[in-house]
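The data block below is input.cif; it holds mmCIF, C-alpha atoms and all ligand atoms.
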data_entry
#
loop_
_atom_site.label_atom_id
_atom_site.label_comp_id
_atom_site.auth_asym_id
_atom_site.auth_seq_id
_atom_site.Cartn_x
_atom_site.Cartn_y
_atom_site.Cartn_z
CA MET A 9 13.99 -11.17 -0.39
CA SER A 10 11.32 -11.47 2.24
CA ARG A 11 10.63 -13.56 5.25
CA ARG A 12 7.46 -15.41 6.09
CA LEU A 13 6.06 -14.04 9.30
CA GLU A 14 4.86 -17.37 10.74
CA ARG A 15 2.12 -15.77 12.80
CA SER A 16 -1.27 -14.23 12.21
CA VAL A 17 -1.80 -12.01 15.25
CA PHE A 18 -0.13 -8.62 15.30
CA GLY A 19 -0.12 -5.86 17.89
CA ARG A 20 -2.32 -5.86 20.97
CA PRO A 21 -6.12 -5.41 21.03
CA GLU A 22 -5.77 -2.77 23.75
CA ASP A 23 -3.79 -0.59 21.34
CA ALA A 24 -6.72 -0.28 18.94
CA GLY A 25 -7.02 3.30 17.75
CA LYS A 26 -3.51 4.28 18.86
CA VAL A 27 -1.79 5.81 15.87
CA MET A 28 1.27 7.98 15.53
CA THR A 29 0.82 11.42 14.04
CA LEU A 30 1.53 12.16 10.41
CA GLU A 31 4.64 14.03 11.53
CA GLU A 32 5.92 11.01 13.50
CA GLY A 33 5.22 8.77 10.52
CA MET A 34 7.14 11.08 8.18
CA ASP A 35 10.03 11.22 10.67
CA LEU A 36 10.24 7.43 10.65
CA LEU A 37 10.07 7.39 6.87
CA ASN A 38 12.77 10.02 6.53
CA GLN A 39 15.05 8.07 8.85
CA TRP A 40 14.55 4.73 7.17
CA VAL A 41 13.92 5.56 3.52
CA LYS A 42 16.40 7.67 1.56
CA ASN A 43 15.22 6.68 -1.90
CA PRO A 44 12.76 9.39 -3.00
CA ARG A 45 10.99 7.00 -5.39
CA LEU A 46 10.27 4.53 -2.63
CA GLN A 47 9.05 7.33 -0.36
CA LEU A 48 6.81 8.54 -3.16
CA HIS A 49 5.42 5.02 -3.60
CA MET A 50 4.46 4.93 0.07
CA ARG A 51 2.91 8.40 -0.01
CA GLN A 52 0.93 7.47 -3.11
CA VAL A 53 -0.41 4.26 -1.59
CA ALA A 54 -1.16 6.16 1.64
CA HIS A 55 -3.16 8.76 -0.27
CA LEU A 56 -5.15 6.09 -2.12
CA MET A 57 -5.91 4.34 1.17
CA LYS A 58 -7.14 7.56 2.72
CA CYS A 59 -9.25 8.45 -0.32
CA TRP A 60 -10.84 5.00 -0.28
CA ALA A 61 -11.62 5.23 3.43
CA ALA A 62 -13.11 8.70 2.97
CA GLU A 63 -14.93 8.38 -0.33
CA ARG A 64 -15.95 4.75 -0.59
CA LEU A 65 -16.36 3.84 3.06
CA GLN A 66 -17.23 7.25 4.53
CA LEU A 67 -15.03 6.56 7.53
CA SER A 68 -14.25 9.15 10.21
CA ALA A 69 -11.21 11.42 10.02
CA ALA A 70 -9.51 9.26 12.67
CA ASP A 71 -10.07 6.12 10.60
CA GLN A 72 -8.94 7.86 7.42
CA HIS A 73 -5.71 8.64 9.24
CA ARG A 74 -5.31 4.97 10.23
CA TRP A 75 -5.76 3.95 6.60
CA TYR A 76 -3.26 6.59 5.52
CA MET A 77 -0.65 5.37 7.99
CA ALA A 78 -1.00 1.73 6.87
CA GLY A 79 -0.13 2.87 3.36
CA LEU A 80 2.58 5.27 4.46
CA LEU A 81 4.52 2.71 6.47
CA HIS A 82 3.92 -0.54 4.57
CA ASP A 83 7.37 -0.62 2.91
CA ALA A 84 9.23 1.49 5.49
CA ASP A 85 11.79 -1.25 6.21
CA TRP A 86 12.34 -2.31 2.60
CA GLU A 87 15.40 -0.16 1.90
CA LYS A 88 17.34 -0.75 5.14
CA TRP A 89 16.36 -4.35 5.81
CA PRO A 90 15.31 -5.95 2.50
CA ASP A 91 15.75 -9.43 3.96
CA ALA A 92 13.57 -8.60 6.95
CA HIS A 93 10.79 -6.83 5.00
CA CYS A 94 8.16 -6.51 6.54
CA SER A 95 8.99 -7.97 9.94
CA ARG A 96 11.20 -5.02 10.92
CA ILE A 97 8.47 -2.40 10.54
CA ILE A 98 5.99 -4.70 12.32
CA GLU A 99 8.35 -4.96 15.31
CA GLU A 100 8.75 -1.20 15.35
CA LEU A 101 4.99 -0.59 15.29
CA GLU A 102 4.39 -3.20 17.98
CA HIS A 103 7.10 -1.60 20.07
CA ARG A 104 5.35 1.76 19.68
CA HIS A 105 1.99 0.16 20.59
CA GLN A 106 0.35 1.08 17.32
CA ASP A 107 -3.16 0.08 16.24
CA PRO A 108 -3.23 -3.70 15.56
CA GLU A 109 -5.33 -3.31 12.40
CA ILE A 110 -2.62 -1.16 10.81
CA ILE A 111 0.02 -3.74 11.71
CA HIS A 112 -2.08 -6.59 10.32
CA ALA A 113 -2.65 -4.67 7.09
CA ILE A 114 1.11 -4.21 6.68
CA ALA A 115 1.74 -7.86 7.54
CA SER A 116 -0.69 -9.02 4.85
CA HIS A 117 0.33 -6.67 2.01
CA GLY A 118 2.14 -9.52 0.25
CA PRO A 119 0.43 -12.78 1.20
CA HIS A 120 2.67 -14.82 -1.10
CA HIS A 121 5.77 -13.33 0.49
CA PHE A 122 4.82 -12.97 4.14
CA GLY A 123 2.29 -15.77 4.45
CA VAL A 124 -0.46 -13.64 6.01
CA ILE A 125 -3.88 -13.54 4.33
CA PRO A 126 -5.63 -10.14 4.02
CA VAL A 127 -8.82 -10.21 6.12
CA SER A 128 -10.12 -6.71 6.89
CA ALA A 129 -11.15 -4.09 4.34
CA MET A 130 -7.95 -2.21 5.20
CA ASP A 131 -5.84 -5.34 4.56
CA LYS A 132 -7.53 -6.01 1.24
CA MET A 133 -7.27 -2.47 -0.08
CA LEU A 134 -3.59 -2.19 0.80
CA TYR A 135 -3.04 -5.40 -1.17
CA VAL A 136 -5.17 -4.06 -4.05
CA PHE A 137 -3.41 -0.70 -4.28
CA ASP A 138 0.22 -1.61 -3.63
CA GLU A 139 1.40 -3.14 -6.91
CA LEU A 140 -1.22 -1.51 -9.11
CA SER A 141 -0.20 1.92 -7.87
CA GLY A 142 3.39 1.12 -8.85
CA LEU A 143 2.39 -0.03 -12.33
CA ILE A 144 0.29 3.08 -12.94
CA HIS A 145 3.07 5.33 -11.71
CA ALA A 146 5.55 3.60 -14.01
CA TYR A 147 3.12 4.21 -16.87
CA SER A 148 2.85 7.91 -15.96
CA LEU A 149 6.64 8.20 -16.15
CA MET A 150 6.75 6.94 -19.73
CA ARG A 151 3.97 9.25 -20.87
CA PRO A 152 5.21 12.74 -21.86
CA GLU A 153 2.03 14.20 -20.33
CA GLY A 154 2.30 12.10 -17.15
CA TYR A 155 -1.09 11.50 -15.57
CA THR A 156 -2.86 14.08 -17.72
CA GLY A 157 -5.31 12.38 -20.06
CA MET A 158 -4.40 8.91 -18.77
CA GLU A 159 -7.21 6.43 -19.45
CA VAL A 160 -8.18 3.11 -17.92
CA LYS A 161 -7.75 1.37 -21.27
CA GLY A 162 -4.16 2.62 -21.54
CA VAL A 163 -3.37 1.16 -18.13
CA LEU A 164 -5.07 -2.12 -19.07
CA LYS A 165 -2.89 -2.30 -22.16
CA ARG A 166 0.27 -1.94 -20.06
CA PHE A 167 -1.19 -4.43 -17.59
CA LYS A 168 -1.42 -7.04 -20.35
CA GLU A 169 2.08 -6.28 -21.65
CA LYS A 170 4.21 -8.62 -19.59
CA LYS A 171 7.45 -6.78 -20.36
CA PHE A 172 6.14 -3.50 -18.99
CA ALA A 173 7.01 -3.10 -15.28
CA ALA A 174 7.87 -6.79 -15.42
CA ASN A 175 8.48 -6.97 -11.67
CA VAL A 176 4.84 -6.10 -10.96
CA SER A 177 2.93 -9.32 -10.40
CA ARG A 178 -0.28 -9.24 -12.44
CA GLU A 179 -1.44 -12.43 -10.72
CA GLU A 180 -1.20 -10.81 -7.30
CA ILE A 181 -3.11 -7.73 -8.46
CA LEU A 182 -5.88 -9.88 -9.87
CA GLU A 183 -5.95 -11.98 -6.72
CA ALA A 184 -6.20 -8.83 -4.61
CA CYS A 185 -9.13 -7.53 -6.69
CA THR A 186 -10.89 -10.89 -6.35
CA LEU A 187 -10.38 -10.85 -2.57
CA ALA A 188 -11.73 -7.30 -2.36
CA GLU A 189 -14.54 -8.15 -4.81
CA LEU A 190 -13.66 -5.24 -7.06
CA PRO A 191 -13.27 -5.20 -10.84
CA LEU A 192 -9.74 -4.28 -11.91
CA GLU A 193 -11.07 -1.50 -14.18
CA GLU A 194 -12.89 0.13 -11.29
CA VAL A 195 -9.76 0.22 -9.14
CA ILE A 196 -7.69 1.66 -11.99
CA ALA A 197 -10.32 4.36 -12.56
CA PHE A 198 -10.19 5.19 -8.85
CA ILE A 199 -6.39 5.35 -8.75
CA ILE A 200 -5.59 7.52 -11.80
CA PRO A 201 -7.00 10.93 -10.74
CA ARG A 202 -6.12 10.50 -7.06
CA GLN A 203 -2.59 9.29 -7.56
CA ALA A 204 -2.08 12.22 -9.92
CA GLN A 205 -2.43 14.44 -6.84
CA VAL A 206 0.70 12.87 -5.30
CA ALA A 207 2.99 12.61 -8.29
FE FE A 301 6.24 -4.46 0.31
FE FE A 302 4.64 -1.32 -1.67
#

Step by step, read the file and then write its structure as structure tokens.
Amino acid sequence: MSRRLERSVFGRPEDAGKVMTLEEGMDLLNQWVKNPRLQLHMRQVAHLMKCWAAERLQLSAADQHRWYMAGLLHDADWEKWPDAHCSRIIEELEHRHQDPEIIHAIASHGPHHFGVIPVSAMDKMLYVFDELSGLIHAYSLMRPEGYTGMEVKGVLKRFKEKKFAANVSREEILEACTLAELPLEEVIAFIIPRQAQVA
């Protein structure tokens, strides 16, 4: 389903800080991703990335935008080129001379699939949020009240239930939290109210 990238350097240092606009990012997404659920997944992860950059790291508006775009584009090639996920989007971003940190974050969002280890804070948080965001969204869809009243302990229960969202790798989520040095509960508590804003 995915291809190992066989390299660890992405983009060019001189392109640091060069980022497409939100409109350009959405154009790319609309061209490449027709499945509204997959688009929603990317917008949710993007929002979480931006909130983390803003609230936890107090980064500038420009950096918040970089974090947002890493989330927004991380699965952009999944629907059209499942066998080339995520090398196709990396090529596109390199071609457009996008910020190398964004490209590295996308390249390392599935270390067991793409063979690239998350290094930067951006890399690690994309890895942390990706699958966990999906699991929490799946949980919201089975709750009649959606995100309203959702509690960390409810998510943890689903997390431990192997049959629930069975395709979500619990091992990878736990590994991501360890890498980022964050307790799972803390990340879940961060996600719930913010993801509810993009549901
Ligand atoms: Fe992915
Ligand atoms: Fe994803």

Exercise. Would you name the residues within 12 Å of ligand FE 302 (chain A), counting only C-alpha atoms and all ligand atoms, and put them as a PyMOL selection string?
Worked result: chain A and resi 45-54+78-87+93-94+113-118+134-143+176-177

Problem set entry | Spatial neighbours of segment 152-155 of chain A, 10 Å, only C-alpha atoms, chain gap at least 5 places, as a PyMOL selection string | chain A and resi 144-147+200-205+207

Seminar exercise, completed: Correct to one decimal, the distance atom CA of Cys185 of chain A-atom CA of Asp131 of chain A is 11.9 Å

Exercise. What is the atom CA of Glu99 of chain A-atom CA of Ile111 of chain A distance in Å, reported with one decimal?
Worked result: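 If I compute the distance from atom CA of Glu99 of chain A to atom CA of Ile111 of chain A, I get 9.2 Å.
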
For this session: Please write as a PyMOL selection string the list of polymer residues whose atoms come within 12 Å of (5.7, 5.0, 18.6), counting only C-alpha atoms and keeping to the coordinates of the file.
Result: chain A and resi 23+26-33+35-36+97-107

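The shortest atom-to-atom distance to ligand FE 301 (chain A), with all atoms listed in the file taken into account, belongs to A:Ser95 out of A:Asn43, A:Gln72, A:Ser16, A:Ser95.
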
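Candidate residues A:Val41, A:Tyr76, A:Val124, A:Glu109 were compared for distance to Trp89 of chain A, and the nearest is A:Val41, using all atoms listed in the file.
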
Exercise. Nearest to ligand FE 301 (chain A): which of A:Met77, A:Ala92, A:Leu192, A:Ile125 is it, counting all atoms listed in the file?
Worked result: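 Looking only at the distances to ligand FE 301 (chain A), the closest residue turns out to be A:Ala92.
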
For this session: Rounded to one decimal place, report the atom CA of Lys88 of chain A-atom CA of Glu180 of chain A distance in Å.
Result: 24.5 Å

Exercise. With only C-alpha atoms and all ligand atoms as the basis for distance, which of A:Arg15, A:Pro108, A:Trp40, A:His120 is at the shortest distance from ligand FE 301 (chain A)?
Worked result: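 Using only C-alpha atoms and all ligand atoms, ligand FE 301 (chain A) sits closest to A:His120.
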
For this session: Go through A:Ser68, A:Asn175, A:Ser148, A:Thr186 and flag the residue nearest Lys132 of chain A, using only C-alpha atoms for the distances.
Result: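 So, comparing all the options, the nearest one is A:Thr186.
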
For this session: Go through A:Ala61, A:Met133, A:Leu190, A:Ile196 and flag the residue nearest Lys161 of chain A, using only C-alpha atoms for the distances.
Result: A:Ile196

Where atoms are lacking, segment 136-167 of chain A completed to N, CA and C atoms, as a PDB file, in the coordinates of the input:
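New file part06.pdb:
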ATOM      1  N   VAL A 136      -4.673  -4.484  -2.738  1.00  0.00           N
ATOM      2  CA  VAL A 136      -5.170  -4.060  -4.050  1.00  0.00           C
ATOM      3  C   VAL A 136      -4.324  -2.915  -4.617  1.00  0.00           C
ATOM      4  N   PHE A 137      -4.055  -1.914  -3.776  1.00  0.00           N
ATOM      5  CA  PHE A 137      -3.410  -0.700  -4.280  1.00  0.00           C
ATOM      6  C   PHE A 137      -1.911  -0.838  -4.502  1.00  0.00           C
ATOM      7  N   ASP A 138      -1.240  -1.603  -3.666  1.00  0.00           N
ATOM      8  CA  ASP A 138       0.220  -1.610  -3.630  1.00  0.00           C
ATOM      9  C   ASP A 138       0.869  -1.748  -5.015  1.00  0.00           C
ATOM     10  N   GLU A 139       0.710  -2.888  -5.641  1.00  0.00           N
ATOM     11  CA  GLU A 139       1.400  -3.140  -6.910  1.00  0.00           C
ATOM     12  C   GLU A 139       0.788  -2.359  -8.066  1.00  0.00           C
ATOM     13  N   LEU A 140      -0.537  -2.205  -8.027  1.00  0.00           N
ATOM     14  CA  LEU A 140      -1.220  -1.510  -9.110  1.00  0.00           C
ATOM     15  C   LEU A 140      -0.818  -0.037  -9.144  1.00  0.00           C
ATOM     16  N   SER A 141      -0.668   0.546  -7.967  1.00  0.00           N
ATOM     17  CA  SER A 141      -0.200   1.920  -7.870  1.00  0.00           C
ATOM     18  C   SER A 141       1.175   2.062  -8.525  1.00  0.00           C
ATOM     19  N   GLY A 142       2.040   1.099  -8.270  1.00  0.00           N
ATOM     20  CA  GLY A 142       3.390   1.120  -8.850  1.00  0.00           C
ATOM     21  C   GLY A 142       3.343   1.026 -10.364  1.00  0.00           C
ATOM     22  N   LEU A 143       2.491   0.146 -10.879  1.00  0.00           N
ATOM     23  CA  LEU A 143       2.390  -0.030 -12.330  1.00  0.00           C
ATOM     24  C   LEU A 143       1.868   1.252 -12.986  1.00  0.00           C
ATOM     25  N   ILE A 144       0.865   1.861 -12.362  1.00  0.00           N
ATOM     26  CA  ILE A 144       0.290   3.080 -12.940  1.00  0.00           C
ATOM     27  C   ILE A 144       1.292   4.232 -12.859  1.00  0.00           C
ATOM     28  N   HIS A 145       2.056   4.275 -11.786  1.00  0.00           N
ATOM     29  CA  HIS A 145       3.070   5.330 -11.710  1.00  0.00           C
ATOM     30  C   HIS A 145       4.154   5.131 -12.771  1.00  0.00           C
ATOM     31  N   ALA A 146       4.558   3.890 -12.966  1.00  0.00           N
ATOM     32  CA  ALA A 146       5.550   3.600 -14.010  1.00  0.00           C
ATOM     33  C   ALA A 146       5.012   4.035 -15.381  1.00  0.00           C
ATOM     34  N   TYR A 147       3.746   3.798 -15.609  1.00  0.00           N
ATOM     35  CA  TYR A 147       3.120   4.210 -16.870  1.00  0.00           C
ATOM     36  C   TYR A 147       3.135   5.731 -17.001  1.00  0.00           C
ATOM     37  N   SER A 148       2.856   6.435 -15.913  1.00  0.00           N
ATOM     38  CA  SER A 148       2.850   7.910 -15.960  1.00  0.00           C
ATOM     39  C   SER A 148       4.233   8.449 -16.329  1.00  0.00           C
ATOM     40  N   LEU A 149       5.279   7.731 -15.889  1.00  0.00           N
ATOM     41  CA  LEU A 149       6.640   8.200 -16.150  1.00  0.00           C
ATOM     42  C   LEU A 149       7.040   8.040 -17.615  1.00  0.00           C
ATOM     43  N   MET A 150       6.409   7.109 -18.306  1.00  0.00           N
ATOM     44  CA  MET A 150       6.750   6.940 -19.730  1.00  0.00           C
ATOM     45  C   MET A 150       5.856   7.765 -20.639  1.00  0.00           C
ATOM     46  N   ARG A 151       4.834   8.397 -20.064  1.00  0.00           N
ATOM     47  CA  ARG A 151       3.970   9.250 -20.870  1.00  0.00           C
ATOM     48  C   ARG A 151       4.461  10.690 -20.776  1.00  0.00           C
ATOM     49  N   PRO A 152       4.691  11.365 -21.911  1.00  0.00           N
ATOM     50  CA  PRO A 152       5.210  12.740 -21.860  1.00  0.00           C
ATOM     51  C   PRO A 152       4.285  13.647 -21.031  1.00  0.00           C
ATOM     52  N   GLU A 153       2.989  13.346 -21.049  1.00  0.00           N
ATOM     53  CA  GLU A 153       2.030  14.200 -20.330  1.00  0.00           C
ATOM     54  C   GLU A 153       1.719  13.639 -18.937  1.00  0.00           C
ATOM     55  N   GLY A 154       2.482  12.645 -18.493  1.00  0.00           N
ATOM     56  CA  GLY A 154       2.300  12.100 -17.150  1.00  0.00           C
ATOM     57  C   GLY A 154       0.907  11.532 -16.939  1.00  0.00           C
ATOM     58  N   TYR A 155       0.251  11.998 -15.892  1.00  0.00           N
ATOM     59  CA  TYR A 155      -1.090  11.500 -15.570  1.00  0.00           C
ATOM     60  C   TYR A 155      -2.183  12.180 -16.394  1.00  0.00           C
ATOM     61  N   THR A 156      -1.850  13.327 -16.985  1.00  0.00           N
ATOM     62  CA  THR A 156      -2.860  14.080 -17.720  1.00  0.00           C
ATOM     63  C   THR A 156      -3.388  13.262 -18.893  1.00  0.00           C
ATOM     64  N   GLY A 157      -4.693  13.096 -18.950  1.00  0.00           N
ATOM     65  CA  GLY A 157      -5.310  12.380 -20.060  1.00  0.00           C
ATOM     66  C   GLY A 157      -5.135  10.865 -19.988  1.00  0.00           C
ATOM     67  N   MET A 158      -4.580  10.357 -18.897  1.00  0.00           N
ATOM     68  CA  MET A 158      -4.400   8.910 -18.770  1.00  0.00           C
ATOM     69  C   MET A 158      -5.772   8.229 -18.688  1.00  0.00           C
ATOM     70  N   GLU A 159      -5.923   7.134 -19.438  1.00  0.00           N
ATOM     71  CA  GLU A 159      -7.210   6.430 -19.450  1.00  0.00           C
ATOM     72  C   GLU A 159      -7.056   5.004 -18.939  1.00  0.00           C
ATOM     73  N   VAL A 160      -8.169   4.487 -18.438  1.00  0.00           N
ATOM     74  CA  VAL A 160      -8.180   3.110 -17.920  1.00  0.00           C
ATOM     75  C   VAL A 160      -7.682   2.139 -18.983  1.00  0.00           C
ATOM     76  N   LYS A 161      -8.132   2.337 -20.229  1.00  0.00           N
ATOM     77  CA  LYS A 161      -7.750   1.370 -21.270  1.00  0.00           C
ATOM     78  C   LYS A 161      -6.243   1.381 -21.550  1.00  0.00           C
ATOM     79  N   GLY A 162      -5.615   2.541 -21.382  1.00  0.00           N
ATOM     80  CA  GLY A 162      -4.160   2.620 -21.540  1.00  0.00           C
ATOM     81  C   GLY A 162      -3.446   1.817 -20.462  1.00  0.00           C
ATOM     82  N   VAL A 163      -3.956   1.918 -19.244  1.00  0.00           N
ATOM     83  CA  VAL A 163      -3.370   1.160 -18.130  1.00  0.00           C
ATOM     84  C   VAL A 163      -3.568  -0.337 -18.363  1.00  0.00           C
ATOM     85  N   LEU A 164      -4.781  -0.694 -18.814  1.00  0.00           N
ATOM     86  CA  LEU A 164      -5.070  -2.120 -19.070  1.00  0.00           C
ATOM     87  C   LEU A 164      -4.134  -2.694 -20.128  1.00  0.00           C
ATOM     88  N   LYS A 165      -3.804  -1.866 -21.118  1.00  0.00           N
ATOM     89  CA  LYS A 165      -2.890  -2.300 -22.160  1.00  0.00           C
ATOM     90  C   LYS A 165      -1.510  -2.626 -21.575  1.00  0.00           C
ATOM     91  N   ARG A 166      -1.027  -1.713 -20.718  1.00  0.00           N
ATOM     92  CA  ARG A 166       0.270  -1.940 -20.060  1.00  0.00           C
ATOM     93  C   ARG A 166       0.197  -3.158 -19.143  1.00  0.00           C
ATOM     94  N   PHE A 167      -0.971  -3.307 -18.502  1.00  0.00           N
ATOM     95  CA  PHE A 167      -1.190  -4.430 -17.590  1.00  0.00           C
ATOM     96  C   PHE A 167      -0.994  -5.754 -18.335  1.00  0.00           C
TER      97      PHE A 167
END
